[in-house]
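J.: Structure supplied as entry31.txt; contents: compact mmCIF, C-alpha atoms.
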```
# COMPACT_ATOMS: atom_id res chain seq x y z
CA MET A 844 11.00 210.60 -9.13
CA ILE A 845 8.62 208.71 -6.86
CA MET A 846 9.25 205.55 -8.86
CA ARG A 847 13.01 205.94 -8.48
CA SER A 848 12.83 206.49 -4.72
CA THR A 849 10.49 203.51 -4.32
CA ILE A 850 12.92 201.30 -6.19
CA ALA A 851 15.79 202.62 -4.07
CA LEU A 852 13.86 201.90 -0.87
CA ALA A 853 13.03 198.42 -2.08
CA MET A 854 16.68 197.78 -2.94
CA MET A 855 17.73 198.95 0.53
CA ALA A 856 15.15 196.71 2.14
CA VAL A 857 16.40 193.71 0.14
CA CYS A 858 20.01 194.44 1.03
CA ALA A 859 19.20 194.79 4.74
CA ALA A 860 16.99 191.70 4.86
CA GLY A 861 19.88 189.43 5.83
CA CYS A 862 20.68 191.51 8.89
CA GLY A 863 17.59 190.25 10.73
CA GLU A 864 18.42 186.57 10.41
CA THR A 865 19.36 184.72 13.55
CA ALA A 866 22.54 182.69 13.64
CA GLN A 867 22.09 179.03 12.75
CA THR A 868 25.25 177.49 14.12
CA ALA A 869 25.11 173.72 14.45
CA GLY A 870 24.20 172.83 18.02
CA THR A 871 25.82 173.92 21.22
CA ALA A 872 28.45 172.28 23.33
CA LYS A 873 27.37 169.92 26.06
CA LYS A 874 26.87 171.64 29.38
CA ASP A 875 28.81 170.54 32.43
CA ASP A 876 26.69 168.64 34.90
CA ALA A 877 26.86 169.25 38.63
CA LYS A 878 27.94 166.30 40.77
CA ALA A 879 25.17 164.33 42.42
CA TRP A 880 26.82 164.75 45.83
CA ALA A 881 26.71 168.53 45.44
CA GLY A 882 23.08 168.46 46.54
CA SER A 883 19.82 169.66 45.13
CA GLN A 884 17.62 172.74 45.03
CA SER A 885 14.69 170.46 45.72
CA SER A 886 12.94 170.49 49.06
CA ASN A 887 12.68 166.69 48.98
CA VAL A 888 16.27 165.93 49.92
CA ALA A 889 16.57 162.81 52.05
CA GLU A 890 17.71 163.27 55.61
CA GLY A 891 20.85 161.75 57.03
CA TRP A 892 23.55 163.22 54.81
CA LYS A 893 25.25 166.55 54.26
CA GLN A 894 24.82 168.19 50.86
CA GLY A 895 28.12 169.00 49.18
CA ASP A 896 30.00 166.33 51.12
CA LYS A 897 31.02 163.53 48.79
CA ASP A 898 31.84 161.03 51.55
CA SER A 899 28.52 161.71 53.22
CA TRP A 900 26.66 161.17 49.95
CA GLU A 901 28.47 157.89 49.27
CA ALA A 902 27.64 156.69 52.78
CA GLN A 903 24.01 157.62 52.15
CA MET A 904 24.02 155.61 48.91
CA ARG A 905 25.45 152.57 50.69
CA LEU A 906 22.80 152.87 53.37
CA ARG A 907 20.02 153.39 50.88
CA VAL A 908 20.89 150.42 48.70
CA GLN A 909 20.71 148.12 51.71
CA ALA A 910 17.05 149.09 52.08
CA GLN A 911 16.52 146.90 49.02
CA ASN A 912 18.10 143.93 50.76
CA GLU A 913 15.41 142.21 52.81
CA TYR A 914 18.01 139.94 54.39
CA SER A 915 19.46 142.98 56.14
CA ARG A 916 16.09 144.61 56.87
CA SER A 917 14.38 141.77 58.67
CA ALA A 918 15.89 139.63 61.39
CA ALA A 919 13.42 136.88 60.54
CA ALA A 920 14.59 136.80 56.96
CA ALA A 921 18.27 136.84 57.83
CA PRO A 922 20.19 133.72 56.88
CA PRO A 923 21.11 131.43 59.76
CA PRO A 924 24.55 132.06 61.21
CA LYS A 925 27.25 129.88 59.80
CA THR A 926 28.59 127.29 62.20
CA PRO A 927 32.33 126.77 62.15
CA MET B 489 33.38 155.70 43.32
CA ALA B 490 30.32 153.53 42.91
CA ARG B 491 29.21 152.36 39.46
CA MET B 492 25.45 152.59 39.36
CA LYS B 493 23.70 149.58 37.84
CA PHE B 494 20.31 147.89 37.69
CA ILE B 495 19.71 144.17 38.15
CA CYS B 496 16.32 142.54 37.64
CA ASP B 497 15.64 139.19 39.28
CA ALA B 498 13.46 137.28 36.81
CA GLU B 499 12.47 134.79 39.52
CA ARG B 500 10.88 137.56 41.57
CA CYS B 501 9.36 139.88 38.98
CA ILE B 502 5.60 139.40 38.95
CA GLU B 503 4.93 141.75 36.03
CA CYS B 504 3.01 144.21 38.19
CA ASN B 505 4.43 147.17 36.24
CA GLY B 506 4.93 149.07 39.49
CA CYS B 507 8.38 150.15 38.28
CA VAL B 508 6.90 151.50 35.06
CA THR B 509 4.25 153.42 36.96
CA ALA B 510 6.72 154.75 39.53
CA CYS B 511 8.97 156.02 36.74
CA LYS B 512 6.17 157.68 34.81
CA ALA B 513 4.78 159.36 37.92
CA GLU B 514 8.14 160.43 39.32
CA HIS B 515 9.33 162.09 36.14
CA ASP B 516 6.03 163.17 34.64
CA VAL B 517 6.93 161.21 31.51
CA PRO B 518 4.68 162.13 28.57
CA TRP B 519 2.14 159.84 26.96
CA GLY B 520 3.75 157.40 24.55
CA VAL B 521 7.15 157.43 26.23
CA ASN B 522 8.16 154.56 28.50
CA ARG B 523 11.56 154.91 30.04
CA ARG B 524 11.06 151.51 31.66
CA ARG B 525 9.09 148.50 30.43
CA VAL B 526 8.36 145.00 31.69
CA VAL B 527 9.05 142.30 29.14
CA THR B 528 7.55 138.84 29.64
CA LEU B 529 8.81 135.71 27.92
CA ASN B 530 6.42 132.76 27.39
CA ASP B 531 3.52 134.85 28.64
CA GLY B 532 0.73 132.68 30.01
CA VAL B 533 2.80 129.52 29.99
CA PRO B 534 3.78 127.97 33.33
CA GLY B 535 7.27 129.13 34.12
CA GLU B 536 6.91 132.46 32.32
CA LYS B 537 9.61 134.95 33.11
CA SER B 538 9.31 138.73 33.36
CA ILE B 539 12.07 141.26 33.47
CA SER B 540 12.02 145.02 33.88
CA VAL B 541 14.08 146.77 31.21
CA ALA B 542 15.33 150.33 30.85
CA CYS B 543 18.62 151.98 30.01
CA MET B 544 21.33 149.75 31.44
CA HIS B 545 23.84 152.61 31.62
CA CYS B 546 26.36 150.56 29.69
CA SER B 547 30.03 150.91 30.51
CA ASP B 548 30.75 151.03 26.77
CA ALA B 549 27.49 152.58 25.61
CA PRO B 550 26.70 152.15 21.89
CA CYS B 551 24.39 155.18 21.98
CA MET B 552 27.34 157.35 22.94
CA ALA B 553 29.42 155.86 20.15
CA VAL B 554 26.92 156.56 17.37
CA CYS B 555 25.55 159.97 18.41
CA PRO B 556 26.48 162.38 15.60
CA VAL B 557 26.23 165.46 17.82
CA ASP B 558 27.93 163.91 20.88
CA CYS B 559 25.15 164.80 23.27
CA PHE B 560 25.84 161.92 25.69
CA TYR B 561 28.07 162.00 28.73
CA ARG B 562 28.83 159.70 31.65
CA THR B 563 28.80 160.85 35.25
CA ASP B 564 31.37 159.86 37.86
CA GLU B 565 28.91 157.20 39.02
CA GLY B 566 28.77 155.61 35.56
CA VAL B 567 25.31 156.93 34.72
CA VAL B 568 24.85 157.62 31.00
CA LEU B 569 23.01 160.92 30.48
CA HIS B 570 22.40 163.23 27.56
CA ASP B 571 21.93 166.93 26.90
CA LYS B 572 18.57 167.58 25.24
CA ASP B 573 19.72 171.01 24.10
CA VAL B 574 22.29 169.30 21.89
CA CYS B 575 20.21 166.28 20.79
CA ILE B 576 18.79 166.62 17.27
CA GLY B 577 16.38 163.69 17.55
CA CYS B 578 17.96 161.72 14.70
CA GLY B 579 17.25 158.33 16.28
CA TYR B 580 20.67 156.74 15.71
CA CYS B 581 20.87 155.91 19.42
CA SER B 582 17.63 153.94 19.27
CA TYR B 583 19.02 151.78 16.45
CA ALA B 584 22.27 151.23 18.35
CA CYS B 585 20.76 150.43 21.75
CA PRO B 586 20.21 146.66 22.31
CA PHE B 587 17.62 147.36 25.04
CA GLY B 588 15.34 149.77 23.19
CA ALA B 589 15.98 152.40 25.85
CA PRO B 590 15.91 155.62 23.79
CA GLN B 591 12.38 156.93 23.40
CA PHE B 592 11.07 159.69 21.16
CA PRO B 593 7.99 161.70 22.06
CA THR B 594 5.61 162.40 19.21
CA ASN B 595 4.29 165.92 18.99
CA GLY B 596 1.20 166.71 17.00
CA ALA B 597 -0.87 164.75 14.54
CA PHE B 598 1.88 164.00 12.05
CA GLY B 599 4.20 162.03 14.29
CA LEU B 600 6.95 164.60 14.41
CA ARG B 601 9.80 163.05 16.36
CA GLY B 602 11.06 165.06 19.30
CA LYS B 603 14.30 164.91 21.23
CA MET B 604 15.36 161.62 22.69
CA ASP B 605 14.22 160.69 26.19
CA LYS B 606 15.49 157.81 28.28
CA CYS B 607 16.05 156.53 31.80
CA THR B 608 18.40 158.84 33.68
CA PHE B 609 18.89 156.53 36.68
CA CYS B 610 16.96 159.34 38.37
CA ALA B 611 20.03 161.56 37.93
CA GLY B 612 18.45 164.35 35.87
CA GLY B 613 20.51 166.15 33.28
CA PRO B 614 23.07 168.92 32.90
CA GLU B 615 20.81 171.63 34.29
CA ALA B 616 21.19 172.64 37.94
CA ASN B 617 20.34 169.77 40.30
CA GLY B 618 16.72 169.87 41.34
CA SER B 619 15.89 172.94 39.26
CA ASP B 620 12.62 173.43 37.41
CA ALA B 621 14.50 173.42 34.09
CA GLU B 622 15.98 170.04 34.90
CA TYR B 623 12.63 168.60 35.96
CA GLU B 624 10.98 169.89 32.79
CA LYS B 625 13.48 168.14 30.52
CA TYR B 626 14.64 165.09 32.45
CA GLY B 627 12.40 164.63 35.50
CA ARG B 628 13.43 164.33 39.12
CA ASN B 629 17.06 164.14 40.16
CA ARG B 630 16.81 161.70 43.05
CA LEU B 631 20.52 160.92 43.23
CA SER B 632 21.24 164.53 44.20
CA GLU B 633 18.53 164.19 46.85
CA GLY B 634 20.38 161.25 48.40
CA LYS B 635 17.97 158.68 46.99
CA LEU B 636 18.14 155.82 44.51
CA PRO B 637 15.93 155.34 41.43
CA ALA B 638 12.22 155.30 42.19
CA CYS B 639 11.59 152.11 40.16
CA ALA B 640 14.00 150.04 42.26
CA GLU B 641 13.10 151.57 45.60
CA MET B 642 9.39 151.04 44.98
CA CYS B 643 9.61 147.50 43.60
CA ALA B 644 7.26 145.49 45.80
CA THR B 645 9.03 142.16 45.46
CA LYS B 646 12.49 143.71 45.29
CA ALA B 647 13.00 142.03 41.95
CA LEU B 648 14.51 145.22 40.59
CA LEU B 649 17.64 146.32 42.38
CA GLY B 650 19.41 149.59 41.66
CA GLY B 651 22.53 151.14 43.11
CA ASP B 652 26.25 150.49 43.33
CA GLY B 653 26.85 147.57 40.98
CA ASP B 654 29.06 145.68 43.44
CA VAL B 655 26.51 145.98 46.25
CA VAL B 656 23.44 145.00 44.23
CA ALA B 657 25.40 142.08 42.79
CA ASP B 658 26.19 140.94 46.35
CA ILE B 659 22.54 141.26 47.37
CA PHE B 660 21.47 139.22 44.35
CA ARG B 661 24.19 136.60 44.85
CA ASN B 662 23.29 136.15 48.51
CA ARG B 663 19.63 135.79 47.58
CA VAL B 664 20.32 133.12 44.96
CA LEU B 665 22.57 131.17 47.31
CA LEU B 666 19.88 131.09 49.99
CA ARG B 667 16.93 130.22 47.82
CA GLY B 668 18.65 127.82 45.48
CA LYS B 669 17.99 127.68 41.79
CA GLY B 670 16.18 125.59 39.27
CA SER B 671 12.95 123.68 39.87
CA GLU B 672 12.87 124.31 43.62
CA VAL B 673 12.47 128.05 43.03
CA TRP B 674 9.28 127.84 40.99
CA GLY B 675 6.86 125.05 40.47
CA TRP B 676 5.06 122.21 42.17
CA GLY B 677 7.72 121.58 44.78
CA THR B 678 7.72 125.16 45.99
CA ALA B 679 3.95 125.43 46.06
CA TYR B 680 3.02 122.05 47.53
CA GLY B 681 6.21 120.69 49.02
CA LYS B 682 8.53 118.01 47.79
CA PRO B 683 7.15 114.56 47.04
CA THR B 684 8.66 113.22 50.26
CA GLN B 685 6.92 115.84 52.37
CA GLY B 686 3.39 115.38 53.64
CA THR B 687 3.12 111.71 52.76
CA LYS B 688 1.29 109.35 55.09
CA SER B 689 3.59 107.31 57.23
```
As structure tokens, how would this structure be written, given the file I've shared?
T.:
Amino acid sequence: MIMRSTIALAMMAVCAAGCGETAQTAGTAKKDDAKAWAGSQSSNVAEGWKQGDKDSWEAQMRLRVQAQNEYSRSAAAAPPPKTP
Amino acid sequence: MARMKFICDAERCIECNGCVTACKAEHDVPWGVNRRRVVTLNDGVPGEKSISVACMHCSDAPCMAVCPVDCFYRTDEGVVLHDKDVCIGCGYCSYACPFGAPQFPTNGAFGLRGKMDKCTFCAGGPEANGSDAEYEKYGRNRLSEGKLPACAEMCATKALLGGDGDVVADIFRNRVLLRGKGSEVWGWGTAYGKPTQGTKS
């Protein structure tokens, strides 16, 4: 009797074993990315533009990239004016 | 909308590796992964040329074409990014990329290859802009902070330019027109003057 119930319990355990497995679907879909102009949760956001305003962000990018242009940063380094 | 691009001026790059250091510090990039590297041709020979290389955010990116799980995407600004939750670390992108941009962190003693990591143009990933989750996987998202990539902004000689492709191309073109090209840019003439200068009359 004990033997039979043990075998029955073991059979039930084997049958239920698959229920505990987690799904193994291949990958997930790519997540949608927020726009850069939407702003950031960071506290290090540069000043001079309004978060969430696309035009403001684009103006900030144009301003920022000119900081890499020493010809526009320094009057001494500016090219001489063209004579007509 | 701007198309974000990098340009490296080989005449100005002095191989200081400041861009590499800025990138690693800004994004807390793990040991063994270099999103940006400085490559030098004819090292030690007069006239050697160095250039800073990272992901070039190709308009027709081969990494995107070969990815079997389609984890790459392109932002409105033309920045090529990827979703690390989808990446399976197969390495196809590293074989396809002509610049060696995709990097794979090794975890543990047996060289287990992790998920791909590469330059994000400081634009983070698909997680919320500036969130801890984004920083953990992709590093800082400077674009959403109104800034440009740290490597370009911190370049001491301004050899590395980053930003709207049309604007950085104009900056570079203006620079080349003013300084000239060829032997007058580097060499004896630049250092000591032309043969006609400084001669006794």
J.: Could you check how far atom CA of B:Pro550 sits from atom CA of B:Pro586, in Å to one decimal?
T.: 8.5 Å
J.: Can you tell me, as JSON, numbers by chain, which residues sit within 12 Å of (27.7, 162.2, 28.1) in the file's frame, using all atoms listed in the file?
T.: {"A": [872, 873, 874, 875, 876], "B": [545, 546, 547, 548, 549, 550, 551, 552, 553, 555, 557, 558, 559, 560, 561, 562, 563, 564, 566, 567, 568, 569, 570, 571, 572, 574, 575, 608, 613, 614]}
J.: Quick one: pull the distance between atom CA of B:Glu536 and atom CA of B:Arg500, Å, one decimal.
T.: 11.3 Å
J.: Which residues of chain A have any atom within 10 Å of an atom in chain B when counting only C-alpha atoms, and what is the closest pair of atoms for each, with the distance in Å to one decimal? Order the rows by chain and rising number and write it as a tab-separated table.
T.:
```
residue	atom	partner	partner_atom	distance
A:Ala869	CA	B:Val557	CA	9.0
A:Gly870	CA	B:Val574	CA	5.6
A:Thr871	CA	B:Val574	CA	5.9
A:Ala872	CA	B:Val574	CA	7.0
A:Lys873	CA	B:Cys559	CA	6.2
A:Lys874	CA	B:Pro614	CA	5.9
A:Asp875	CA	B:Pro614	CA	6.0
A:Asp876	CA	B:Pro614	CA	4.1
A:Ala877	CA	B:Ala616	CA	6.6
A:Lys878	CA	B:Ser632	CA	7.7
A:Ala879	CA	B:Ser632	CA	4.3
A:Trp880	CA	B:Ser632	CA	5.8
A:Ala881	CA	B:Ser632	CA	6.9
A:Gly882	CA	B:Ser632	CA	4.9
A:Ser883	CA	B:Asn617	CA	4.9
A:Gln884	CA	B:Gly618	CA	4.8
A:Ser885	CA	B:Gly618	CA	4.9
A:Ser886	CA	B:Gly618	CA	8.6
A:Asn887	CA	B:Glu633	CA	6.7
A:Val888	CA	B:Glu633	CA	4.2
A:Ala889	CA	B:Gly634	CA	5.5
A:Glu890	CA	B:Gly634	CA	7.9
A:Gly891	CA	B:Gly634	CA	8.7
A:Trp892	CA	B:Gly634	CA	7.4
A:Lys893	CA	B:Gly634	CA	9.3
A:Gln894	CA	B:Ser632	CA	8.4
A:Gly895	CA	B:Ser632	CA	9.6
A:Lys897	CA	B:Met489	CA	9.8
A:Asp898	CA	B:Met489	CA	9.9
A:Ser899	CA	B:Gly634	CA	9.5
A:Trp900	CA	B:Gly634	CA	6.5
A:Glu901	CA	B:Ala490	CA	7.9
A:Ala902	CA	B:Gly634	CA	9.6
A:Gln903	CA	B:Gly634	CA	6.4
A:Met904	CA	B:Gly634	CA	6.7
A:Arg905	CA	B:Asp652	CA	7.7
A:Leu906	CA	B:Lys635	CA	9.9
A:Arg907	CA	B:Lys635	CA	6.9
A:Val908	CA	B:Gly651	CA	5.9
A:Gln909	CA	B:Val655	CA	8.2
A:Ala910	CA	B:Glu641	CA	8.0
A:Gln911	CA	B:Lys646	CA	6.4
A:Asn912	CA	B:Ile659	CA	6.2
A:Glu913	CA	B:Lys646	CA	8.2
A:Tyr914	CA	B:Arg663	CA	8.1
A:Ser915	CA	B:Ile659	CA	9.5
A:Ala921	CA	B:Leu666	CA	9.9
A:Pro922	CA	B:Leu666	CA	7.4
A:Pro923	CA	B:Leu666	CA	9.9
```
J.: Selected residues, C-alpha atoms, written as a short mmCIF file (atom, residue, chain, number, x, y, z; two decimals), in the coordinates of the input, please.
T.:
```cif
data_model
loop_
_atom_site.label_atom_id
_atom_site.label_comp_id
_atom_site.auth_asym_id
_atom_site.auth_seq_id
_atom_site.Cartn_x
_atom_site.Cartn_y
_atom_site.Cartn_z
CA ALA A 869 25.11 173.72 14.45
CA GLY A 870 24.20 172.83 18.02
CA THR A 871 25.82 173.92 21.22
CA ALA A 872 28.45 172.28 23.33
CA LYS A 873 27.37 169.92 26.06
CA LYS A 874 26.87 171.64 29.38
CA ASP A 875 28.81 170.54 32.43
CA ASP A 876 26.69 168.64 34.90
CA ALA A 877 26.86 169.25 38.63
CA LYS A 878 27.94 166.30 40.77
CA ALA A 879 25.17 164.33 42.42
CA TRP A 880 26.82 164.75 45.83
CA ALA A 881 26.71 168.53 45.44
CA GLY A 882 23.08 168.46 46.54
CA SER A 883 19.82 169.66 45.13
CA GLN A 884 17.62 172.74 45.03
CA SER A 885 14.69 170.46 45.72
CA SER A 886 12.94 170.49 49.06
CA ASN A 887 12.68 166.69 48.98
CA VAL A 888 16.27 165.93 49.92
CA ALA A 889 16.57 162.81 52.05
CA GLU A 890 17.71 163.27 55.61
CA GLY A 891 20.85 161.75 57.03
CA TRP A 892 23.55 163.22 54.81
CA LYS A 893 25.25 166.55 54.26
CA GLN A 894 24.82 168.19 50.86
CA GLY A 895 28.12 169.00 49.18
CA LYS A 897 31.02 163.53 48.79
CA ASP A 898 31.84 161.03 51.55
CA SER A 899 28.52 161.71 53.22
CA TRP A 900 26.66 161.17 49.95
CA GLU A 901 28.47 157.89 49.27
CA ALA A 902 27.64 156.69 52.78
CA GLN A 903 24.01 157.62 52.15
CA MET A 904 24.02 155.61 48.91
CA ARG A 905 25.45 152.57 50.69
CA LEU A 906 22.80 152.87 53.37
CA ARG A 907 20.02 153.39 50.88
CA VAL A 908 20.89 150.42 48.70
CA GLN A 909 20.71 148.12 51.71
CA ALA A 910 17.05 149.09 52.08
CA GLN A 911 16.52 146.90 49.02
CA ASN A 912 18.10 143.93 50.76
CA GLU A 913 15.41 142.21 52.81
CA TYR A 914 18.01 139.94 54.39
CA SER A 915 19.46 142.98 56.14
CA ALA A 921 18.27 136.84 57.83
CA PRO A 922 20.19 133.72 56.88
CA PRO A 923 21.11 131.43 59.76
#
```
J.: Mind pulling up the distance from atom CA of B:Phe494 to atom CA of B:Gly579?
T.: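 Taking atom CA of B:Gly579 and atom CA of B:Phe494, their separation equals 24.0 Å.
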J.: Counting all atoms listed in the file, which of B:Pro593, B:Glu503, B:Ala584, B:Val664 gets nearest to B:Gly532?
T.: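 Checking each of B:Pro593, B:Glu503, B:Ala584, B:Val664 against B:Gly532, counting all atoms listed in the file, the winner is B:Glu503.
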J.: Near B:Thr528, within 7 Å and counting all atoms listed in the file, which residues show up once chain neighbours fewer than 6 positions away are dropped, as a ChimeraX atom specification?
T.: /B:536-539
J.: Rank nothing, just name the residue among B:Val533, B:Cys578, B:Cys501, B:Cys511 nearest to B:Pro590, using all atoms listed in the file.
T.: B:Cys578
J.: Using only C-alpha atoms, find all polymer residues with an atom at most 6 Å away from the point (14.1, 152.1, 32.0); report them as a list in words.
T.: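 Output of the proximity query reads Arg523, Arg524, Val541, Ala542, Cys543 and Cys607 of chain B.
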J.: Please provide the set of residues having any atom within 9 Å of B:Asp654, restricted to all atoms listed in the file, with same-chain residues fewer than 6 positions apart removed, written as a ChimeraX atom specification.
T.: /B:490-493
J.: Within 7 Å of B:Asn505, counting all atoms listed in the file, which residues show up once you throw out same-chain ones fewer than 3 positions away? Write them as a PyMOL selection string, please.
T.: chain B and resi 508-509+526
J.: Take the residues from that selection and put them in a file with C-alpha atoms, as a tab-separated table (two decimals), in the coordinates of the input.
T.:
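So selection-v5.tsv came out as:
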```
chain	number	residue	atom	x	y	z
B	508	VAL	CA	6.90	151.50	35.06
B	509	THR	CA	4.25	153.42	36.96
B	526	VAL	CA	8.36	145.00	31.69
```
